[in-house]
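Heads up: the structure comes next, in structure tokens.
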Number of protein chains: 2
Amino acid sequence: MKNKQKVYLKTNSHKKLLELAESPYDLTAAGALQHQGRLSEYVCFSKYFSLFYSTQMVNDEVLDALQNLADECKLVQQFVQMKEGAVSNTIEGVESENRQVLHTASRDIFGDLPKEPHASSLAKKEMDKLKIFLDELDGGVVCNALGEDFNTLIHVGIGGSDLGPRSVFEALRPFGRKGRNVHFISNVDPDDAAAILKKVDLSRCLVSIVSKSGTTLETLTNENLVRQAFAEAGLDPTRHFLAVTGQGSPMDDPGKYLRSFYMYDYIGGRYSTSSMVGGVMLGFYLGYDGIVDFLRGAAHVDTEAEEKDIRSNPALLMAMLGIWNHNYLNMSTLAVLPYSQALHRFPAHLQQCDMESNGKATSRNGRRVDWNTGPVVWGEPGTNGQHAFYQLLHQGTEVVPCEFIGFRRSQYEQDITIESTTSQQKLLANLLAQSVALAAGQANQNPNKFFPGNRPNSILLGERLTPEVMGGLLALYEAKIVFQGFAWNINSFDQEGVQLGKKLASRFLSGMQASENHEQSFEKRLLKITEIM
Amino acid sequence: MKNKQKVYLKTNSHKKLLELAESPYDLTAAGALQHQGRLSEYVCFSKYFSLFYSTQMVNDEVLDALQNLADECKLVQQFVQMKEGAVSNTIEGVESENRQVLHTASRDIFGDLPKEPHASSLAKKEMDKLKIFLDELDGGVVCNALGEDFNTLIHVGIGGSDLGPRSVFEALRPFGRKGRNVHFISNVDPDDAAAILKKVDLSRCLVSIVSKSGTTLETLTNENLVRQAFAEAGLDPTRHFLAVTGQGSPMDDPGKYLRSFYMYDYIGGRYSTSSMVGGVMLGFYLGYDGIVDFLRGAAHVDTEAEEKDIRSNPALLMAMLGIWNHNYLNMSTLAVLPYSQALHRFPAHLQQCDMESNGKATSRNGRRVDWNTGPVVWGEPGTNGQHAFYQLLHQGTEVVPCEFIGFRRSQYEQDITIESTTSQQKLLANLLAQSVALAAGQANQNPNKFFPGNRPNSILLGERLTPEVMGGLLALYEAKIVFQGFAWNINSFDQEGVQLGKKLASRFLSGMQASENHEQSFEKRLLKITEIM
């Protein structure tokens, strides 16, 4: 990076935060939540979301120190440089990917002055190709051999090519074009594909194969499974199969695919939802206007994230509050708890995006870090979770910081009033009650009914989950993760940690035959793997 | 309990384990995995599963100490007493539920000598009622107003009445009766119900309302939403609605429901999958024989769990290895990683069952514990997870112990051979490779390609995921959780920690009107909740 930042542990703010962590703000003290207008002061506003954080264990002094940490580590400056095309996927002095990081460019297509014009012009070009393709679907130019239109898209990808698109699709189900549906196949487990193939009419399906390298084992295996089903049904795959891949990859082959849409090496899988990886599927399902709304939301949040004041930048504030809880209050996990059934797979996407980005132990200077990096991220929707794992959140011996997500209005707006309140009111009342109960706790003579409190949490509140707001939510968390990686001085954009298992599996398989399946004992196989290491 | 156990921290084995934890078995040492036939020695066999645990950081000395801990805490003895009807849901000296814990009785219906004859006879009675009902469905005696049969069941429940049944349904999809399907509604979020109601033909739907108390807010709200949809469609709900509830609850009302099936107060929600809570849904979907197979698997594992030798009792061994990792090696979470897409919701069920059972801080003697109890449990299926959060598992600064689950054969057995191996072989090769890579790690000059190893894990391997095996898997984890709760000397069967939030939400709602929805500012609402505490 051009602007050398201070190494995390050597910042003045780090020392200050260590001191402050010895007596963090006590949320269980009498009046602690109402203290000095805290409830209305500790709110960070932005276009799509307000972040309520009075239930975090912070006071002004802590917030000031977190602001200083953000400044000393030049977090916003690095973020802007990333958007402008700096080589951010790199580690000094060792072999590394040495790439730009430009997922933001895939939605920086609305203004006249994109931050990185070349990448944004490539993104626009793919969007134009997508628009033409979607128009051809609507106009009947692209159709099956019988002239019928396609009503289903099967999206085949894994990891970054699956979790982001899938969670966004689930979140936006109510906004789909009439009669259109999407299915996903990801796992190399053959039952995953079999279950989908069983329930669709292949003759009406487009199949989108998504792999940047064009060589992902699971995806190619599943592609073959699906192609076999097409062959058995006597259907011509070149009328049905789309490729989403890097230009020039083995999959960029007009002989095999009806169309190719491109992604670029400066967009990592887990940040690729707003590229063609999510774009083709969302375009098919929502229509072109829907995907444009989605991208507009993300672009807007990318701009909001350039604000240096942590109290006015929700992504940066969430990043700094996370560092406070993880590095200073020593909480090793983070629960993301959406009070919105539509977001039921969003925690799984974040789990990927966050843990694959920041589950690292090598600094960008090529040394082993001696501070904690990314936490374990997990979560399920409320109110369901309340009837499941919240017991541990309230009374367990592990303290879990929580990020609640909620909306004032439902998506379908099909609600019912029971005992004078609507379901949506009940949902929000539960969210509020949980936030306060976790923070403030409750005294009781019966130790089994005692709630210790000081379970820090915040609430991200939006108006209604639409395509535009979903784009914003995705970008908000992407920015948060990137800010944390910059603060910890790690490379959030590679994934060397997935290589060893992959290498071992493929060396092991290379000596195997299909016929060996049920014969060899499992111990022998384990032994063999330990021997080829 | 009749047989006083030693308090955990005062056991001799606890002191021994503390000593041993100072230098745990190093899996990264040269030859560590193959040492003294470890790969074939450290396997625990049972009818449905073999547990491979050579990749745990244990040696014989640790295993012996864990055996002693199990003995000193009388874990198996307590388990047998629980099955025989001991009042296990209790805390000394304070107000508590004081109930028997008899989920095992709901499947102890095959032999002549059930452990608790009364509870098992009640379970049998419900099974007989279910059989008659299923026969009437098949015979056309129970049908809709037009005389058509029912092809869909909508299961409405939350928490324990949802996650277990749902995860088992997902696991057993391929075994469904032709033409039958099941949908689930759980969240009070009105979009959850709306999404289901949009896609079913109500005239062909049975609706099963599941609530032990008959007063669960979310479930009653959703029942009303669904009843409203029936009214709008001009359908008579008494032909369609089933109740699964406690005998004599407000829902036990033949005027409102076609049939009532009973659950009993000695079965907690999170342990209720093998009662009528899962039974009605599974009976409809799998047929009577399918549910019997499922129960038979669970009953068999309940018997296996009575074995005192930890090396021959997989549930007990998993419990003790978990305690080693959590309490002695200080790992605060547990990842459950099924290499089977069918088990994609099983980690969410375990998250509930484990964290709601053991996320406690009050001992059964009514004192605050001064040791760690239940970990955070989370997970997603492999190989998907490999492309997501495994980066952190391999190289992050948080060490996460892992429980892999795999099967030799797929469910659909629709496989394909690519590059001379099948998908199922690839799936298992990946599982093996991950297990070994996490344990052994790998040296590298490049710090970014260095794998520290000593990430303890084990593999639970079965032949094929059938209804019987799924029943076994469920019972295995239930027993593991119960054993851990006994060891930590907590009451794994209540859930006081969910009460405060519930109470606050309902007090807050009681003063609210449906019209207030969008008007009041969120800060004001937060303030109001803090004031009514």
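In the structure tokens, each chain is lettered A, B, ... as it comes, each chain's residues begin at 1, and ligands are numbered from 1 in order of appearance.
For Ser88 of chain B, the residues within 8 Å (counting only C-alpha atoms, excluding itself and residues fewer than 5 positions away along the chain) are Met1, Met82, Asn98, Arg99, Gln100, Val101, Asn491 and Phe493 of chain B.
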Practice task
With a distance cut-off of 12 Å and only C-alpha atoms, select the neighbouring residues of Glu531 of chain A, excluding the residue or stretch itself and same-chain residues fewer than 3 positions from it, and output the selection as a PyMOL selection string.
Solution key: (chain A and resi 504+507-508+524-528) or (chain B and resi 30-34+39+433+436-437+440)
Exercise for the section: Output as a VMD selection string all residues of segment 52-183 of chain A that backbone DSSP marks as strand (DSSP E). Expected result: chain A and resid 52 87 to 89 99 to 100 152 to 156 181 to 183
Output file for the residues above (C-alpha atoms, as a compact mmCIF listing (two decimals), in the first residue's frame):
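Output file result-v5.txt follows:
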# COMPACT_ATOMS: atom_id res chain seq x y z
CA PHE A 52 -28.67 1.12 17.09
CA VAL A 87 -3.14 -4.16 -5.50
CA SER A 88 -4.73 -5.17 -2.18
CA ASN A 89 -4.62 -8.96 -2.57
CA ARG A 99 -4.14 -8.68 -7.55
CA GLN A 100 -6.45 -5.72 -7.46
CA THR A 152 -36.46 -22.28 -14.43
CA LEU A 153 -32.77 -21.56 -13.99
CA ILE A 154 -30.52 -24.14 -12.34
CA HIS A 155 -27.52 -22.37 -10.86
CA VAL A 156 -24.52 -24.71 -10.45
CA ASN A 181 -38.02 -20.08 -10.45
CA VAL A 182 -34.40 -20.83 -9.56
CA HIS A 183 -32.74 -23.96 -8.11
If you take only C-alpha atoms and a cut-off of 12 Å, which residues of segment 238-328 of chain B touch segment 374-390 of chain A, and what are their nearest atom pairs and distances in Å to one decimal, in chain and number order, as CSV?
residue,atom,partner,partner_atom,distance
B:Gly268,CA,A:His387,CA,11.8
B:Gly269,CA,A:His387,CA,9.2
B:Arg270,CA,A:Ala388,CA,7.9
B:Tyr271,CA,A:Ala388,CA,11.7
Completion exercise
The residue from B:Ala145, B:Thr216, B:Gln228, B:Asp236 with the smallest atom-to-atom distance to Ser249 of chain B, counting only C-alpha atoms, is B:Thr216
Handout entry: alpha helix (DSSP H) residues, from DSSP on the backbone, in segment 78-154 of chain B, as number ranges by chain
Key = B: 78-83, 117-139
Selection from above, N, CA and C atoms, as a compact mmCIF listing (two decimals), in the first residue's frame, can you write it?
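out.txt was written with the following content:
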# COMPACT_ATOMS: atom_id res chain seq x y z
N GLN B 78 -26.62 -42.51 35.51
CA GLN B 78 -27.63 -41.45 35.46
C GLN B 78 -28.49 -41.55 34.21
N PHE B 79 -27.84 -41.93 33.09
CA PHE B 79 -28.57 -42.08 31.83
C PHE B 79 -29.62 -43.18 31.96
N VAL B 80 -29.21 -44.30 32.56
CA VAL B 80 -30.14 -45.41 32.73
C VAL B 80 -31.29 -45.00 33.67
N GLN B 81 -30.93 -44.29 34.73
CA GLN B 81 -31.99 -43.81 35.66
C GLN B 81 -32.95 -42.86 34.95
N MET B 82 -32.40 -42.02 34.10
CA MET B 82 -33.27 -41.12 33.32
C MET B 82 -34.26 -41.93 32.49
N LYS B 83 -33.75 -42.95 31.81
CA LYS B 83 -34.62 -43.80 30.99
C LYS B 83 -35.66 -44.51 31.83
N PRO B 117 -42.39 -48.50 31.70
CA PRO B 117 -43.53 -49.10 30.99
C PRO B 117 -44.70 -48.13 30.76
N HIS B 118 -44.98 -47.27 31.73
CA HIS B 118 -46.14 -46.40 31.56
C HIS B 118 -45.94 -45.45 30.38
N ALA B 119 -44.80 -44.76 30.36
CA ALA B 119 -44.54 -43.79 29.28
C ALA B 119 -44.50 -44.50 27.93
N SER B 120 -43.91 -45.69 27.89
CA SER B 120 -43.85 -46.41 26.62
C SER B 120 -45.24 -46.86 26.18
N SER B 121 -46.10 -47.20 27.13
CA SER B 121 -47.44 -47.62 26.71
C SER B 121 -48.22 -46.43 26.16
N LEU B 122 -48.00 -45.24 26.74
CA LEU B 122 -48.64 -44.04 26.18
C LEU B 122 -48.11 -43.75 24.77
N ALA B 123 -46.81 -43.93 24.58
CA ALA B 123 -46.22 -43.71 23.26
C ALA B 123 -46.80 -44.67 22.24
N LYS B 124 -46.96 -45.93 22.67
CA LYS B 124 -47.55 -46.94 21.77
C LYS B 124 -48.98 -46.57 21.37
N LYS B 125 -49.71 -46.08 22.36
CA LYS B 125 -51.11 -45.70 22.11
C LYS B 125 -51.18 -44.62 21.01
N GLU B 126 -50.29 -43.64 21.09
CA GLU B 126 -50.29 -42.60 20.06
C GLU B 126 -49.89 -43.17 18.71
N MET B 127 -48.92 -44.11 18.72
CA MET B 127 -48.53 -44.76 17.46
C MET B 127 -49.71 -45.52 16.86
N ASP B 128 -50.49 -46.16 17.72
CA ASP B 128 -51.67 -46.88 17.21
C ASP B 128 -52.67 -45.92 16.59
N LYS B 129 -52.89 -44.79 17.29
CA LYS B 129 -53.80 -43.76 16.73
C LYS B 129 -53.29 -43.27 15.38
N LEU B 130 -51.96 -43.08 15.32
CA LEU B 130 -51.36 -42.59 14.07
C LEU B 130 -51.57 -43.61 12.95
N LYS B 131 -51.38 -44.89 13.29
CA LYS B 131 -51.54 -45.92 12.26
C LYS B 131 -52.97 -45.91 11.69
N ILE B 132 -53.93 -45.82 12.59
CA ILE B 132 -55.32 -45.79 12.15
C ILE B 132 -55.56 -44.58 11.23
N PHE B 133 -55.04 -43.45 11.65
CA PHE B 133 -55.22 -42.23 10.86
C PHE B 133 -54.58 -42.37 9.47
N LEU B 134 -53.35 -42.92 9.44
CA LEU B 134 -52.66 -43.08 8.15
C LEU B 134 -53.39 -44.07 7.26
N ASP B 135 -53.94 -45.12 7.87
CA ASP B 135 -54.73 -46.07 7.09
C ASP B 135 -55.98 -45.40 6.53
N GLU B 136 -56.59 -44.54 7.34
CA GLU B 136 -57.79 -43.83 6.85
C GLU B 136 -57.45 -42.87 5.71
N LEU B 137 -56.26 -42.29 5.77
CA LEU B 137 -55.82 -41.45 4.65
C LEU B 137 -55.69 -42.30 3.39
N ASP B 138 -55.05 -43.46 3.55
CA ASP B 138 -54.83 -44.34 2.40
C ASP B 138 -56.15 -44.89 1.86
N GLY B 139 -57.07 -45.17 2.78
CA GLY B 139 -58.34 -45.77 2.37
C GLY B 139 -59.35 -44.75 1.88
All residues 9 Å or closer to Val469 of chain B, only C-alpha atoms, same chain fewer than 5 positions away omitted, as a PDB file with C-alpha atoms, in the first residue's frame:
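Everything below was put into around.pdb:
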ATOM      1  CA  TYR B  48     -24.999 -47.752  12.474  1.00  0.00           C
ATOM      2  CA  PHE B  49     -21.804 -45.768  12.913  1.00  0.00           C
ATOM      3  CA  ASP B 293     -37.867 -47.812  11.129  1.00  0.00           C
ATOM      4  CA  PHE B 294     -36.868 -44.376  12.357  1.00  0.00           C
ATOM      5  CA  GLY B 297     -32.919 -46.888  14.944  1.00  0.00           C
ATOM      6  CA  ALA B 298     -33.267 -44.464  17.834  1.00  0.00           C
ATOM      7  CA  GLY B 462     -22.293 -44.745   8.441  1.00  0.00           C
ATOM      8  CA  GLU B 463     -23.244 -46.957   5.539  1.00  0.00           C
ATOM      9  CA  ARG B 464     -26.215 -45.062   4.047  1.00  0.00           C
ATOM     10  CA  LEU B 474     -30.564 -38.324  16.285  1.00  0.00           C
TER      11      LEU B 474
END
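Near Glu22 of chain B, within 9 Å and counting only C-alpha atoms, sit Leu17, Leu18, Tyr328 and Leu329 of chain B; same-chain residues fewer than 4 positions away were not included.
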Practice task
Could you jot down the atom CA of Ser213 of chain B to atom CA of Ser96 of chain B separation for me, Å, one decimal place?
Solution key: 17.1 Å
Exercise for the section: Tell me, as a ChimeraX atom specification, which residues lie within 12 Å of Asp71 of chain B, counting only C-alpha atoms; anything in the same chain fewer than 5 positions away does not count. Expected result: /B:5-6,8,11-14,64-66,76-78,307-310,316,320,483,486-487
Exercise for the section: Excluding segment 448-451 of chain A and residues on its chain fewer than 2 positions from it, collect all residues at most 7 Å away from it, counting only C-alpha atoms, and give them as number ranges by chain. Expected result: A: 394-395, 441-444, 446, 453; B: 362, 496
Could those residues be written to a file, using C-alpha atoms, as a tab-separated table (two decimals), in the first residue's frame?
chain	number	residue	atom	x	y	z
A	394	HIS	CA	-28.59	-15.45	27.82
A	395	GLN	CA	-27.22	-17.80	30.44
A	441	GLY	CA	-29.81	-8.91	32.18
A	442	GLN	CA	-31.97	-9.35	35.25
A	443	ALA	CA	-31.31	-10.04	38.90
A	444	ASN	CA	-33.14	-12.90	40.60
A	446	ASN	CA	-33.20	-18.00	42.00
A	453	GLY	CA	-26.45	-9.38	31.00
B	362	THR	CA	-26.48	-23.04	37.42
B	496	GLU	CA	-35.16	-20.53	31.88
Problem - Selected residue of minimal separation from chain B among A:Asp189, A:Asp253, A:Glu84, A:Asp265, counting only C-alpha atoms - result: A:Asp189
Practice task
Find the distance between atom CA of Glu95 of chain B and atom CA of Gly511 of chain B and write it in Å to one decimal.
Solution key: 29.4 Å
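Here atom CA of Met331 of chain B stands at a distance of 6.4 Å from atom CA of Val400 of chain B.
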